[in-house]
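Engineer: What follows is a structure written as structure tokens; I'll ask about it next.
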Amino acid sequence: MIPVLKIPSKGMMSQLKNKYLIIILGPTASGKTDAAIQIAGIFRTKIISADSRQLYKELKIGTAVPDQRQLKSIQHYFIQTISIHDYYNVSMYEQEVLELLNKLFSEKDIVVMVGGSGMYVDVVCHGIDDLPVVDPLIRETLQQRFNDEGIESLRLELKRLDPVYYSKADLRNPKRILKALEIYYMTGIPYSSFLTGPKKERPFKIIKTGINPDRDELYERINQRVNGMIQSGLIEEAKSLYNIKECNALNTVGYKEIFDYLDGKVTLEQAISLIKRNTRRYARRQLTWFRKDKAIAWFRPGEIKNMVDYIKEQTGNFE
RNA sequence: GGUGCCAUAGCUCAGCAGGUAGAGCAACGGACUGAAAAUCCGUGUGUCCUUGGUUCGAUUCCGAGUGGCACCA
């Protein structure tokens, strides 16, 4: 059972007019963590992570969470807070972040948010429609049917049950079809009728900054990060998670390739190359997501001073 | 020094009995309202080493040059 969290009341929210959420986003390995810590230090505030994998307690090396020293210097939220066995989704994240922000803004004028999960960032900025919680049994049944029957019969079913969503859905993407059917079977109401579209307004102001190295530099940073992860014990970490490798949260770059190595499917050398390649691809997908957001002010790694100047300019120069 | 083989996409290579070229990997672009580091869709990016010749036409055939590899000295 998922606890329903209360959205702050209107009275509390009206006081947040001069509060600023500073978002630092960018592709993986672009230097977000360091930048966020420096900037949060300058503004004497705290950091909210918007990272769908650093959330998990059990994951550390492969997700490049901030180290102990960094976590001590600035308080972080949403780092290693839930278990990979827990069910979690962006809507829960939205609720929890709004709750937390309401609390943090009572003592700070500025809060920093850092992360590379575009959907997590967007949900905090614009919200997401409310959907019913789906019974895990329904989800499993549909998943089983997909495994047995393939996508075509589910697609035809969606066409019959929710023609509106069918007409605009990505019909070759099983996840989209399954999601819509889950909601239909949970409620008897078409998924499309839950999608209202309009974006929620937030009572606080949002300033978006991004860090985007040149492509060559980004790939070099990725290579170094991956080599560093191997040296720091990624293989041992993956071994300790091997018996639960089917968990959704472990369908993650860095872990899945090491599992294949442990299964003897690839050599260690191949696994490391694949981690690098898959991280590059992930970074590109992140950039595709961020590119369409024209509100982001872009910087290069190390341009902390420029970022701080930009933030001061946007907030009216107060600290 | 001699002989032979090779030179085509970022890489490994295929191909064209002469009509300006394609495969794997890599790369690049896009979608994305509850597992999003997930999932799905799309794209060939090229002085066919250089230079003469033959030809209506040469990446393809011939000569020379350059570079690489192998073997013989």
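All residue names refer to the structure tokens as shown: chains lettered A, B, ... in order, residues numbered from 1 in each chain, ligands numbered from 1 in order.
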Residues at most 12 Å from Tyr185 (chain A), counting only C-alpha atoms (C1' of nucleotides), excluding those fewer than 6 positions away in the same chain, as a PyMOL selection string?

Structural biologist: chain A and resi 132-139+141-142+157-158+161-162+178-179+191

Engineer: Quick one: write out the picked residues with C-alpha atoms as a CSV table (one decimal), in the first residue's frame?

Structural biologist:
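Resulting contents of selection.csv:
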```csv
chain,number,residue,atom,x,y,z
A,132,PRO,CA,-4.4,4.8,-9.7
A,133,VAL,CA,-1.9,2.4,-8.0
A,134,VAL,CA,-1.9,-0.8,-10.0
A,135,ASP,CA,-2.3,-4.1,-8.3
A,136,PRO,CA,1.0,-6.0,-8.8
A,137,LEU,CA,-1.0,-9.1,-9.8
A,138,ILE,CA,-2.5,-7.2,-12.8
A,139,ARG,CA,1.0,-6.1,-13.8
A,141,THR,CA,-0.5,-11.1,-15.5
A,142,LEU,CA,-0.1,-8.7,-18.3
A,157,GLU,CA,-6.8,-5.3,-27.2
A,158,LEU,CA,-5.6,-1.7,-26.6
A,161,LEU,CA,-10.3,-0.8,-25.0
A,162,ASP,CA,-8.6,2.6,-25.5
A,178,LEU,CA,1.4,-2.7,-21.0
A,179,LYS,CA,1.1,0.5,-19.0
A,191,TYR,CA,-5.7,5.2,-19.6
```

Engineer: Determine, using only C-alpha atoms (C1' of nucleotides), which residues of chain B have any atom at most 10 Å from an atom of chain A, and tabulate each with its shortest atom pair and distance in Å to one decimal place, rows ordered by chain and then rising number, as CSV.

Structural biologist:
```
residue,atom,partner,partner_atom,distance
B:A26,C1',A:Arg277,CA,9.0
B:C28,C1',A:Arg284,CA,9.5
B:G29,C1',A:Thr288,CA,8.6
B:G30,C1',A:Thr288,CA,7.6
B:A31,C1',A:Asp170,CA,8.2
B:C32,C1',A:Trp289,CA,8.7
B:U33,C1',A:Ile128,CA,5.9
B:G34,C1',A:Asn89,CA,4.8
B:A35,C1',A:Asn248,CA,5.6
B:A36,C1',A:Met119,CA,6.8
B:A37,C1',A:Thr252,CA,5.2
B:A38,C1',A:Asn251,CA,7.4
B:U39,C1',A:Lys175,CA,6.2
B:C40,C1',A:Asn173,CA,4.8
B:C41,C1',A:Arg172,CA,8.4
```

Engineer: Looking at only C-alpha atoms (C1' of nucleotides), which of B:A73, B:C13, B:A7, B:A58 is the one that sits closest to C25 (chain B)?

Structural biologist: B:C13

Engineer: To test your reading of the structure, identify every residue in region 66-169 of chain A that backbone DSSP assigns to strand (DSSP E), and report it as an NGL selection string.

Structural biologist: :A and (76-77 or 110-114)

Engineer: Store the residues picked out above, limited to all heavy atoms, as a PDB file, in the first residue's frame.

Structural biologist:
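Final file, part.pdb:
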```
ATOM      1  N   HIS A  76      22.533  15.904   1.618  1.00  0.00           N
ATOM      2  CA  HIS A  76      21.871  15.438   0.401  1.00  0.00           C
ATOM      3  C   HIS A  76      20.580  14.698   0.758  1.00  0.00           C
ATOM      4  O   HIS A  76      20.527  13.974   1.749  1.00  0.00           O
ATOM      5  CB  HIS A  76      22.774  14.465  -0.361  1.00  0.00           C
ATOM      6  CG  HIS A  76      23.890  15.101  -1.128  1.00  0.00           C
ATOM      7  ND1 HIS A  76      24.937  15.762  -0.516  1.00  0.00           N
ATOM      8  CD2 HIS A  76      24.129  15.174  -2.463  1.00  0.00           C
ATOM      9  CE1 HIS A  76      25.769  16.208  -1.464  1.00  0.00           C
ATOM     10  NE2 HIS A  76      25.307  15.860  -2.635  1.00  0.00           N
ATOM     11  N   TYR A  77      19.593  14.839  -0.108  1.00  0.00           N
ATOM     12  CA  TYR A  77      18.359  14.057   0.037  1.00  0.00           C
ATOM     13  C   TYR A  77      18.173  13.174  -1.191  1.00  0.00           C
ATOM     14  O   TYR A  77      18.666  13.491  -2.260  1.00  0.00           O
ATOM     15  CB  TYR A  77      17.146  14.975   0.174  1.00  0.00           C
ATOM     16  CG  TYR A  77      17.191  15.844   1.408  1.00  0.00           C
ATOM     17  CD1 TYR A  77      17.796  17.097   1.376  1.00  0.00           C
ATOM     18  CD2 TYR A  77      16.646  15.402   2.614  1.00  0.00           C
ATOM     19  CE1 TYR A  77      17.854  17.901   2.501  1.00  0.00           C
ATOM     20  CE2 TYR A  77      16.695  16.198   3.750  1.00  0.00           C
ATOM     21  CZ  TYR A  77      17.301  17.449   3.685  1.00  0.00           C
ATOM     22  OH  TYR A  77      17.357  18.236   4.804  1.00  0.00           O
ATOM     23  N   ILE A 110      17.011  29.308  -1.143  1.00  0.00           N
ATOM     24  CA  ILE A 110      17.468  28.595  -2.333  1.00  0.00           C
ATOM     25  C   ILE A 110      17.706  27.140  -1.962  1.00  0.00           C
ATOM     26  O   ILE A 110      18.282  26.845  -0.907  1.00  0.00           O
ATOM     27  CB  ILE A 110      18.779  29.232  -2.847  1.00  0.00           C
ATOM     28  CG1 ILE A 110      18.480  30.585  -3.497  1.00  0.00           C
ATOM     29  CG2 ILE A 110      19.494  28.309  -3.824  1.00  0.00           C
ATOM     30  CD1 ILE A 110      19.713  31.294  -4.015  1.00  0.00           C
ATOM     31  N   VAL A 111      17.254  26.249  -2.823  1.00  0.00           N
ATOM     32  CA  VAL A 111      17.579  24.830  -2.677  1.00  0.00           C
ATOM     33  C   VAL A 111      18.128  24.358  -4.013  1.00  0.00           C
ATOM     34  O   VAL A 111      17.658  24.789  -5.070  1.00  0.00           O
ATOM     35  CB  VAL A 111      16.333  24.008  -2.274  1.00  0.00           C
ATOM     36  CG1 VAL A 111      16.632  22.515  -2.319  1.00  0.00           C
ATOM     37  CG2 VAL A 111      15.845  24.408  -0.884  1.00  0.00           C
ATOM     38  N   VAL A 112      19.136  23.498  -3.946  1.00  0.00           N
ATOM     39  CA  VAL A 112      19.751  22.985  -5.170  1.00  0.00           C
ATOM     40  C   VAL A 112      19.213  21.585  -5.462  1.00  0.00           C
ATOM     41  O   VAL A 112      19.093  20.771  -4.558  1.00  0.00           O
ATOM     42  CB  VAL A 112      21.288  22.932  -5.025  1.00  0.00           C
ATOM     43  CG1 VAL A 112      21.929  22.163  -6.191  1.00  0.00           C
ATOM     44  CG2 VAL A 112      21.875  24.346  -4.958  1.00  0.00           C
ATOM     45  N   MET A 113      18.884  21.335  -6.709  1.00  0.00           N
ATOM     46  CA  MET A 113      18.520  19.982  -7.143  1.00  0.00           C
ATOM     47  C   MET A 113      19.486  19.570  -8.248  1.00  0.00           C
ATOM     48  O   MET A 113      19.743  20.344  -9.174  1.00  0.00           O
ATOM     49  CB  MET A 113      17.083  19.950  -7.647  1.00  0.00           C
ATOM     50  CG  MET A 113      16.609  18.557  -7.964  1.00  0.00           C
ATOM     51  SD  MET A 113      14.805  18.460  -8.016  1.00  0.00           S
ATOM     52  CE  MET A 113      14.588  18.307  -9.733  1.00  0.00           C
ATOM     53  N   VAL A 114      20.004  18.367  -8.149  1.00  0.00           N
ATOM     54  CA  VAL A 114      20.976  17.919  -9.147  1.00  0.00           C
ATOM     55  C   VAL A 114      20.644  16.506  -9.600  1.00  0.00           C
ATOM     56  O   VAL A 114      20.292  15.654  -8.791  1.00  0.00           O
ATOM     57  CB  VAL A 114      22.417  17.968  -8.586  1.00  0.00           C
ATOM     58  CG1 VAL A 114      22.594  17.042  -7.394  1.00  0.00           C
ATOM     59  CG2 VAL A 114      23.441  17.631  -9.660  1.00  0.00           C
TER      60      VAL A 114
END
```

Engineer: Where in region 180-276 of chain A does DSSP assign helix (DSSP H, G or I), given as a PyMOL selection string?

Structural biologist: chain A and resi 180-187+191-194+215-232+234-244+248-250+256-262+268-276

Engineer: Give me a file of those residues, with C-alpha atoms, as a compact mmCIF listing (two decimals), in the first residue's frame.

Structural biologist:
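Result file follows (selection_29.txt):
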```
# COMPACT_ATOMS: atom_id res chain seq x y z
CA ALA A 180 -2.15 1.54 -20.70
CA LEU A 181 -3.65 -1.92 -20.29
CA GLU A 182 -2.64 -2.07 -16.63
CA ILE A 183 -4.56 1.10 -15.94
CA TYR A 184 -7.57 -0.09 -17.89
CA TYR A 185 -7.77 -3.41 -16.07
CA MET A 186 -7.20 -1.73 -12.72
CA THR A 187 -10.00 0.80 -13.16
CA TYR A 191 -5.67 5.21 -19.64
CA SER A 192 -6.10 8.17 -22.00
CA SER A 193 -8.85 9.62 -19.84
CA PHE A 194 -6.36 10.09 -16.99
CA ARG A 215 31.41 15.36 -26.93
CA ASP A 216 35.04 14.21 -26.94
CA GLU A 217 35.56 15.41 -23.40
CA LEU A 218 32.33 13.80 -22.23
CA TYR A 219 33.39 10.44 -23.66
CA GLU A 220 36.81 10.78 -22.06
CA ARG A 221 35.18 11.50 -18.71
CA ILE A 222 32.93 8.47 -19.15
CA ASN A 223 35.91 6.22 -19.89
CA GLN A 224 37.74 7.46 -16.83
CA ARG A 225 34.70 7.09 -14.64
CA VAL A 226 34.13 3.51 -15.78
CA ASN A 227 37.79 2.60 -15.24
CA GLY A 228 37.54 4.15 -11.80
CA MET A 229 34.43 2.14 -10.98
CA ILE A 230 36.20 -1.10 -11.86
CA GLN A 231 39.16 -0.11 -9.65
CA SER A 232 36.82 0.81 -6.83
CA LEU A 234 32.29 -2.58 -9.20
CA ILE A 235 32.75 -6.28 -9.87
CA GLU A 236 32.53 -7.12 -6.18
CA GLU A 237 29.48 -4.91 -5.81
CA ALA A 238 27.81 -6.65 -8.74
CA LYS A 239 28.71 -10.04 -7.28
CA SER A 240 26.99 -9.13 -4.04
CA LEU A 241 23.84 -8.31 -6.04
CA TYR A 242 24.07 -11.26 -8.41
CA ASN A 243 21.33 -13.30 -6.73
CA ILE A 244 18.83 -10.48 -7.27
CA ASN A 248 14.22 -3.87 -12.21
CA ALA A 249 16.58 -1.49 -10.52
CA LEU A 250 19.48 -3.69 -11.59
CA LYS A 256 23.96 -5.71 -16.33
CA GLU A 257 27.23 -5.93 -18.25
CA ILE A 258 29.10 -7.27 -15.21
CA PHE A 259 26.34 -9.85 -14.69
CA ASP A 260 26.94 -11.02 -18.25
CA TYR A 261 30.63 -11.31 -17.45
CA LEU A 262 29.88 -13.30 -14.29
CA LEU A 268 35.82 -8.82 -18.53
CA GLU A 269 37.44 -6.67 -21.20
CA GLN A 270 34.31 -6.88 -23.35
CA ALA A 271 32.09 -6.09 -20.38
CA ILE A 272 34.07 -2.94 -19.61
CA SER A 273 33.88 -1.81 -23.25
CA LEU A 274 30.14 -2.43 -23.23
CA ILE A 275 29.69 -0.39 -20.06
CA LYS A 276 31.52 2.48 -21.74
```
